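The file model06.cif comes next; it holds mmCIF, C-alpha atoms (C1' of nucleotides).
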data_my_file
#
loop_
_atom_site.label_atom_id
_atom_site.label_comp_id
_atom_site.auth_asym_id
_atom_site.auth_seq_id
_atom_site.Cartn_x
_atom_site.Cartn_y
_atom_site.Cartn_z
CA MET I 1 -9.05 6.10 33.54
CA THR I 2 -5.56 6.55 34.84
CA THR I 3 -6.74 8.56 37.80
CA ASP I 4 -5.84 5.86 40.29
CA ARG I 5 -2.36 5.20 39.01
CA ALA I 6 -1.68 8.85 38.34
CA ALA I 7 -2.72 9.75 41.85
CA SER I 8 0.46 8.34 43.35
CA SER I 9 2.77 9.98 40.82
CA LEU I 10 1.03 13.29 40.17
CA PHE I 11 2.40 15.01 43.24
CA ALA I 12 5.81 13.47 42.64
CA HIS I 13 5.91 14.67 39.06
CA ARG I 14 4.89 18.24 39.85
CA LEU I 15 7.32 18.47 42.74
CA LYS I 16 10.25 17.39 40.63
CA ALA I 17 9.30 19.72 37.78
CA ALA I 18 9.02 22.71 40.11
CA ARG I 19 12.36 21.93 41.77
CA LEU I 20 14.21 21.56 38.48
CA ALA I 21 12.67 24.82 37.29
CA LEU I 22 14.39 26.46 40.24
CA GLY I 23 17.62 24.54 39.67
CA ILE I 24 18.28 23.37 43.22
CA SER I 25 19.17 19.95 44.62
CA GLN I 26 16.79 17.67 46.51
CA MET I 27 18.73 18.28 49.72
CA GLU I 28 18.65 22.04 49.32
CA LEU I 29 14.91 22.04 48.67
CA GLY I 30 14.35 20.01 51.80
CA ILE I 31 16.53 22.21 53.97
CA GLN I 32 14.92 25.42 52.73
CA ALA I 33 11.54 23.85 53.47
CA GLY I 34 12.61 23.38 57.07
CA ILE I 35 13.46 19.68 57.01
CA ASP I 36 16.42 18.54 59.10
CA GLU I 37 19.63 18.53 57.14
CA ALA I 38 20.23 14.86 57.97
CA SER I 39 17.03 13.62 56.34
CA ALA I 40 16.22 16.32 53.79
CA SER I 41 17.77 14.51 50.85
CA ALA I 42 16.15 11.16 51.59
CA ARG I 43 12.72 12.63 52.18
CA ILE I 44 12.59 14.79 49.07
CA ASN I 45 13.80 11.85 47.05
CA GLN I 46 11.07 9.65 48.48
CA TYR I 47 8.51 12.31 47.58
CA GLU I 48 9.75 12.72 44.04
CA ARG I 49 9.88 8.97 43.47
CA GLY I 50 6.34 8.58 44.78
CA LYS I 51 7.49 6.34 47.60
CA HIS I 52 5.95 8.48 50.32
CA THR I 53 3.65 11.49 50.58
CA PRO I 54 4.32 14.46 52.86
CA ASP I 55 1.73 15.91 55.19
CA PHE I 56 -0.03 19.14 54.31
CA LEU I 57 2.18 21.46 56.30
CA THR I 58 5.27 20.12 54.58
CA VAL I 59 3.61 20.61 51.20
CA CYS I 60 2.92 24.23 52.14
CA ASN I 61 6.58 24.75 53.00
CA LEU I 62 7.70 23.14 49.75
CA ALA I 63 5.27 25.32 47.81
CA ARG I 64 6.69 28.45 49.44
CA VAL I 65 10.24 27.51 48.48
CA LEU I 66 9.18 26.63 44.94
CA CYS I 67 7.08 29.78 44.46
CA VAL I 68 3.83 28.04 43.55
CA PRO I 69 0.47 27.90 45.35
CA THR I 70 0.01 24.74 47.37
CA ALA I 71 -2.92 23.68 45.20
CA TYR I 72 -0.58 23.48 42.21
CA PHE I 73 0.70 20.09 43.36
CA TYR I 74 -2.77 18.59 43.29
CA ALA I 75 -3.96 19.79 39.87
CA GLU I 76 -4.80 16.75 37.77
CA ASP I 77 -5.52 18.83 34.69
CA GLU I 78 -2.48 20.33 33.02
CA HIS I 79 -4.28 23.53 32.11
CA LEU I 80 -5.47 23.93 35.67
CA ALA I 81 -1.91 23.52 36.92
CA GLU I 82 -0.79 26.34 34.65
CA LEU I 83 -3.68 28.52 35.71
CA ILE I 84 -2.87 28.03 39.39
CA ASP I 85 0.78 28.80 38.77
CA LEU I 86 -0.11 32.01 36.93
CA PHE I 87 -2.54 33.01 39.65
CA GLY I 88 0.27 32.72 42.17
CA HIS I 89 2.28 35.37 40.37
CA LEU I 90 -0.53 37.92 40.16
CA ARG I 91 -1.24 40.86 42.41
CA SER I 92 -4.49 41.08 44.29
CA ALA I 93 -6.14 43.35 41.74
CA GLU I 94 -5.27 41.11 38.80
CA ARG I 95 -6.44 38.05 40.72
CA LYS I 96 -9.84 39.66 41.10
CA THR I 97 -9.89 40.60 37.42
CA LEU I 98 -9.13 37.00 36.48
CA LEU I 99 -11.83 35.66 38.77
CA ASP I 100 -14.42 38.06 37.39
CA PHE I 101 -13.53 37.04 33.86
CA ALA I 102 -13.85 33.36 34.75
CA ALA I 103 -17.33 33.99 36.12
CA THR I 104 -18.47 35.34 32.75
CA LEU I 105 -17.61 32.15 30.88
CA PRO I 106 -20.46 29.68 30.22
CA SER I 107 -20.38 26.72 32.59
CA LYS I 108 -20.72 23.09 31.53
CA LYS I 109 -23.97 22.42 33.36
CA LYS I 110 -25.95 23.51 36.39
CA GLY I 111 -27.13 26.55 34.51
CA GLY I 112 -28.06 27.96 37.87
CA THR I 113 -31.50 29.35 38.74
CA MET L 1 0.52 34.59 59.07
CA THR L 2 -1.99 31.94 59.87
CA THR L 3 -0.65 29.52 57.31
CA ASP L 4 0.49 26.99 59.88
CA ARG L 5 -2.66 26.92 61.93
CA ALA L 6 -4.89 27.06 58.89
CA ALA L 7 -3.10 24.13 57.35
CA SER L 8 -4.81 21.63 59.59
CA SER L 9 -8.27 23.06 59.14
CA LEU L 10 -8.22 24.27 55.56
CA PHE L 11 -9.00 20.90 54.03
CA ALA L 12 -11.60 20.24 56.70
CA HIS L 13 -13.33 23.53 56.07
CA ARG L 14 -13.49 23.15 52.30
CA LEU L 15 -14.68 19.56 52.53
CA LYS L 16 -17.55 20.46 54.81
CA ALA L 17 -18.54 23.45 52.67
CA ALA L 18 -18.59 21.36 49.51
CA ARG L 19 -20.63 18.59 51.15
CA LEU L 20 -23.20 20.98 52.55
CA ALA L 21 -23.47 22.64 49.14
CA LEU L 22 -24.54 19.24 47.82
CA GLY L 23 -26.85 18.62 50.76
CA ILE L 24 -25.79 15.08 51.63
CA SER L 25 -24.84 13.48 54.96
CA GLN L 26 -21.31 12.62 56.04
CA MET L 27 -22.09 8.92 55.71
CA GLU L 28 -23.50 9.27 52.22
CA LEU L 29 -20.50 11.25 51.05
CA GLY L 30 -18.19 8.56 52.38
CA ILE L 31 -20.13 5.73 50.79
CA GLN L 32 -20.31 7.43 47.40
CA ALA L 33 -16.57 7.99 47.62
CA GLY L 34 -16.08 4.26 47.99
CA ILE L 35 -15.52 4.05 51.73
CA ASP L 36 -16.91 1.03 53.54
CA GLU L 37 -20.37 1.67 54.89
CA ALA L 38 -19.28 0.72 58.40
CA SER L 39 -16.65 3.42 58.67
CA ALA L 40 -17.80 6.05 56.19
CA SER L 41 -19.52 8.23 58.77
CA ALA L 42 -16.66 8.20 61.25
CA ARG L 43 -14.00 8.89 58.66
CA ILE L 44 -15.74 11.80 56.98
CA ASN L 45 -16.43 13.26 60.38
CA GLN L 46 -12.79 12.95 61.33
CA TYR L 47 -11.83 14.70 58.09
CA GLU L 48 -14.28 17.53 58.57
CA ARG L 49 -13.23 18.06 62.17
CA GLY L 50 -9.57 18.12 61.17
CA LYS L 51 -8.80 15.08 63.30
CA HIS L 52 -7.30 13.10 60.45
CA THR L 53 -6.29 13.67 56.85
CA PRO L 54 -7.16 11.29 54.00
CA ASP L 55 -4.63 10.06 51.48
CA PHE L 56 -4.57 11.48 47.98
CA LEU L 57 -6.64 8.79 46.31
CA THR L 58 -9.43 9.28 48.83
CA VAL L 59 -9.32 13.04 48.23
CA CYS L 60 -9.72 12.39 44.50
CA ASN L 61 -12.78 10.25 45.16
CA LEU L 62 -14.29 12.87 47.45
CA ALA L 63 -13.64 15.54 44.82
CA ARG L 64 -15.43 13.47 42.20
CA VAL L 65 -18.50 13.08 44.39
CA LEU L 66 -18.49 16.76 45.31
CA CYS L 67 -17.99 17.96 41.73
CA VAL L 68 -14.86 20.03 42.35
CA PRO L 69 -11.29 19.62 41.10
CA THR L 70 -9.04 17.90 43.64
CA ALA L 71 -6.86 21.01 43.89
CA TYR L 72 -9.84 22.94 45.27
CA PHE L 73 -9.33 21.40 48.71
CA TYR L 74 -5.79 22.74 48.92
CA ALA L 75 -6.37 26.34 47.86
CA GLU L 76 -5.23 28.61 50.68
CA ASP L 77 -6.43 31.75 48.93
CA GLU L 78 -10.19 32.18 48.80
CA HIS L 79 -10.12 33.69 45.33
CA LEU L 80 -8.02 30.82 44.07
CA ALA L 81 -10.52 28.34 45.51
CA GLU L 82 -13.32 30.04 43.58
CA LEU L 83 -11.25 30.12 40.42
CA ILE L 84 -10.50 26.40 40.66
CA ASP L 85 -14.15 25.63 41.27
CA LEU L 86 -15.21 27.68 38.24
CA PHE L 87 -12.54 26.04 36.11
CA GLY L 88 -13.98 22.67 37.00
CA HIS L 89 -17.32 23.60 35.49
CA LEU L 90 -15.92 24.84 32.19
CA ARG L 91 -15.63 23.02 28.91
CA SER L 92 -12.26 22.47 27.33
CA ALA L 93 -12.56 25.47 25.01
CA GLU L 94 -13.47 27.87 27.79
CA ARG L 95 -10.67 26.51 29.95
CA LYS L 96 -8.22 27.42 27.23
CA THR L 97 -9.76 30.87 26.90
CA LEU L 98 -9.42 31.45 30.61
CA LEU L 99 -5.81 30.31 30.62
CA ASP L 100 -4.93 32.58 27.70
CA PHE L 101 -6.52 35.52 29.44
CA ALA L 102 -4.59 34.79 32.62
CA ALA L 103 -1.35 34.82 30.65
CA THR L 104 -2.02 38.38 29.47
CA LEU L 105 -2.22 39.78 32.99
CA PRO L 106 0.91 41.44 34.40
CA SER L 107 2.76 39.24 36.87
CA LYS L 108 3.95 40.33 40.31
CA LYS L 109 7.66 39.98 39.65
CA LYS L 110 10.14 38.11 37.51
CA GLY L 111 9.19 40.37 34.64
CA GLY L 112 11.27 38.03 32.54
CA THR L 113 11.97 39.03 28.94
"C1'" DG U 1 -41.03 8.92 75.88
"C1'" DC U 2 -39.66 6.49 71.67
"C1'" DA U 3 -37.61 5.72 67.24
"C1'" DC U 4 -34.75 7.20 63.82
"C1'" DA U 5 -31.12 9.83 61.41
"C1'" DT U 6 -27.15 12.44 61.77
"C1'" DA U 7 -23.11 14.06 64.04
"C1'" DC U 8 -19.50 12.99 66.70
"C1'" DT U 9 -15.78 10.51 69.72
"C1'" DA U 10 -12.30 7.17 72.24
"C1'" DA U 11 -9.25 3.49 71.82
"C1'" DG U 12 -6.76 -0.23 69.67
"C1'" DT U 13 -5.20 -2.12 65.41
"C1'" DA U 14 -3.30 -1.35 61.03
"C1'" DT U 15 -0.79 1.36 57.97
"C1'" DT U 16 2.31 4.88 56.62
"C1'" DC U 17 6.07 8.01 57.20
"C1'" DC U 18 10.64 9.66 59.07
"C1'" DT U 19 15.30 8.69 60.37
"C1'" DT U 20 19.49 6.41 59.83
"C1'" DA U 21 23.10 4.54 57.37
"C1'" DG U 22 24.53 3.43 53.62
"C1'" DT U 23 25.00 2.35 48.07
"C1'" DT U 24 24.86 3.91 43.32
"C1'" DC U 25 25.36 7.37 39.73
"C1'" DT U 26 27.52 11.27 37.31
"C1'" DC U 27 30.95 14.15 36.12
"C1'" DG U 28 35.22 17.02 36.32
"C1'" DG U 29 40.06 16.94 37.11
"C1'" DT U 30 44.49 14.77 36.63
"C1'" DA M 1 41.57 4.98 33.79
"C1'" DC M 2 41.30 6.54 38.50
"C1'" DC M 3 39.84 9.35 42.13
"C1'" DG M 4 36.97 12.49 44.83
"C1'" DA M 5 32.85 15.21 45.55
"C1'" DG M 6 28.20 16.06 45.11
"C1'" DA M 7 23.77 14.43 43.93
"C1'" DA M 8 20.39 10.81 43.59
"C1'" DC M 9 18.59 7.02 45.51
"C1'" DT M 10 17.34 2.90 48.77
"C1'" DA M 11 16.32 -0.64 52.80
"C1'" DA M 12 14.89 -1.24 57.29
"C1'" DG M 13 13.24 -0.27 61.79
"C1'" DG M 14 11.40 3.05 65.10
"C1'" DA M 15 8.00 6.77 65.30
"C1'" DA M 16 3.86 8.75 64.06
"C1'" DT M 17 -0.67 8.70 61.83
"C1'" DA M 18 -4.91 6.91 59.96
"C1'" DC M 19 -8.71 3.31 59.91
"C1'" DT M 20 -11.98 0.36 62.24
"C1'" DT M 21 -15.00 -0.64 65.77
"C1'" DA M 22 -18.21 0.35 69.08
"C1'" DG M 23 -20.52 3.41 71.19
"C1'" DT M 24 -22.35 8.26 72.93
"C1'" DA M 25 -24.64 12.70 71.93
"C1'" DT M 26 -27.93 15.67 69.50
"C1'" DG M 27 -31.95 16.82 67.11
"C1'" DT M 28 -36.63 15.89 64.98
"C1'" DG M 29 -41.12 13.85 64.21
"C1'" DC M 30 -44.56 10.94 66.13
#
Represent the structure of the file as structure tokens.
Amino acid sequence: MTTDRAASSLFAHRLKAARLALGISQMELGIQAGIDEASASARINQYERGKHTPDFLTVCNLARVLCVPTAYFYAEDEHLAELIDLFGHLRSAERKTLLDFAATLPSKKKGGT
Amino acid sequence: MTTDRAASSLFAHRLKAARLALGISQMELGIQAGIDEASASARINQYERGKHTPDFLTVCNLARVLCVPTAYFYAEDEHLAELIDLFGHLRSAERKTLLDFAATLPSKKKGGT
DNA sequence: GCACATACTAAGTATTCCTTAGTTCTCGGT
DNA sequence: ACCGAGAACTAAGGAATACTTAGTATGTGC
């Protein structure tokens, strides 16, 4: 399993991908996320290179700037990452519809009652 | 918005809920997640009370024990948390089905093409 | 009351992050 | 080729946070 090794780079990878999708610089991302202008560039770079990991509040701010749910950064499964991203762009009614549909699908185990 | 305040307790809340759903003690959860027996109880308690936050690798281990995707702990939206949990119990084929269905739903903005 | 399991906490040590100050890389203009 | 500007990237130390240890509280059955 690559879970251990991937753990340190998963967040970094998703952060960089989301930033490039928006087409802004590391410094700009940091500033818009509320980081001091003097350290924004260094910090975002450290995050994207996997050198350091931000605390949860910072991740929330980054997610807001990048227009993805916070959970997106922690999705190990690629399909799950996409699903979370899509969910973030839905209205309340469609979110409910999606959830209801998911509940109808057969689960792997724990058949329930 | 309660995003800021919730940030510190969101992980704690979801961790406790998932542990209780499994019906194991704080110490047992910690031990099964690979934490030293001597500090497992204290650490899990600190996590559930929002006193401290574990690093990403530890979160992955906790998720494995608790049978939820890692991203589940970071879902701000309650519906999203449920969706992630359901996704975790699906087989590969059903995951794809769910993702395809999500893609058919109308998105909030950025109508795109 | 006692014994045991579980939950919880304070405090010091250990570890990690944030800030600062800078270097390297890339590219467009001349 | 050279220069300048913006972007990416890095080392190192001070600042902040988590982990370990040791112990206290709470609840339950005997």
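Rounded to one decimal, CA of Ser39 in chain L and CA of Tyr74 in chain I lie 25.7 Å from each other.
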Original post:
What do you get, as a PyMOL selection string, if you spell out every residue that the PyMOL selection byres ((chain U and resi 3-14) around 9) selects here?
Top reply: (chain L and resi 25-27+41-42+45-46) or (chain U and resi 2+15) or (chain M and resi 18-20+23-28+30)
Give me, as a Markdown table, the closest atom pair and its distance (Å, one decimal) for every residue of chain L within a cut-off of 9 Å of chain M, counting all atoms listed in the file, rows sorted by chain and rising number.
| residue | atom | partner | partner_atom | distance |
| --- | --- | --- | --- | --- |
| L:Ala38 | CA | M:DT20 | C1' | 8.3 |
| L:Ser39 | CA | M:DT20 | C1' | 6.6 |
| L:Arg43 | CA | M:DC19 | C1' | 7.8 |
| L:His52 | CA | M:DA18 | C1' | 6.7 |
| L:Thr53 | CA | M:DA18 | C1' | 7.6 |
| L:Pro54 | CA | M:DA18 | C1' | 7.7 |
Subject >> For CA of Gly88 in chain L and CA of Ala18 in chain L, the interatomic separation in Å (one decimal) >> reply: 13.4 Å
Subject >> Gap from CA of Leu15 in chain L to CA of Arg95 in chain I - Å, one decimal >> reply: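 Separating CA of Leu15 in chain L from CA of Arg95 in chain I is a distance of 23.4 Å.
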**OP:** Within 9 Å of chain I, which residues of chain L are there when counting only C-alpha atoms? Please give them as a ChimeraX atom specification.
**Re:** /L:3-4,7-8,53,55-57,60,69-77,79-84,86-91,94-99,101-103,105-110
Select all residues from chain U having any atom no more than 8 Å from an atom of chain I (counting only C-alpha atoms (C1' of nucleotides), ignoring ligands), output as an mmCIF file with C-alpha atoms (C1' of nucleotides), keeping the file's coordinate frame.
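Saved to out30.cif:
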data_model
loop_
_atom_site.group_PDB
_atom_site.id
_atom_site.type_symbol
_atom_site.label_atom_id
_atom_site.label_comp_id
_atom_site.auth_asym_id
_atom_site.auth_seq_id
_atom_site.Cartn_x
_atom_site.Cartn_y
_atom_site.Cartn_z
ATOM 1 C "C1'" DC U 17 6.070 8.010 57.200
ATOM 2 C "C1'" DC U 18 10.640 9.660 59.070
ATOM 3 C "C1'" DT U 19 15.300 8.690 60.370
#
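Closest approach to Arg19 in chain I among I:Ala93, I:Leu66, I:Glu78, I:Asp85: I:Leu66, based on all atoms listed in the file.
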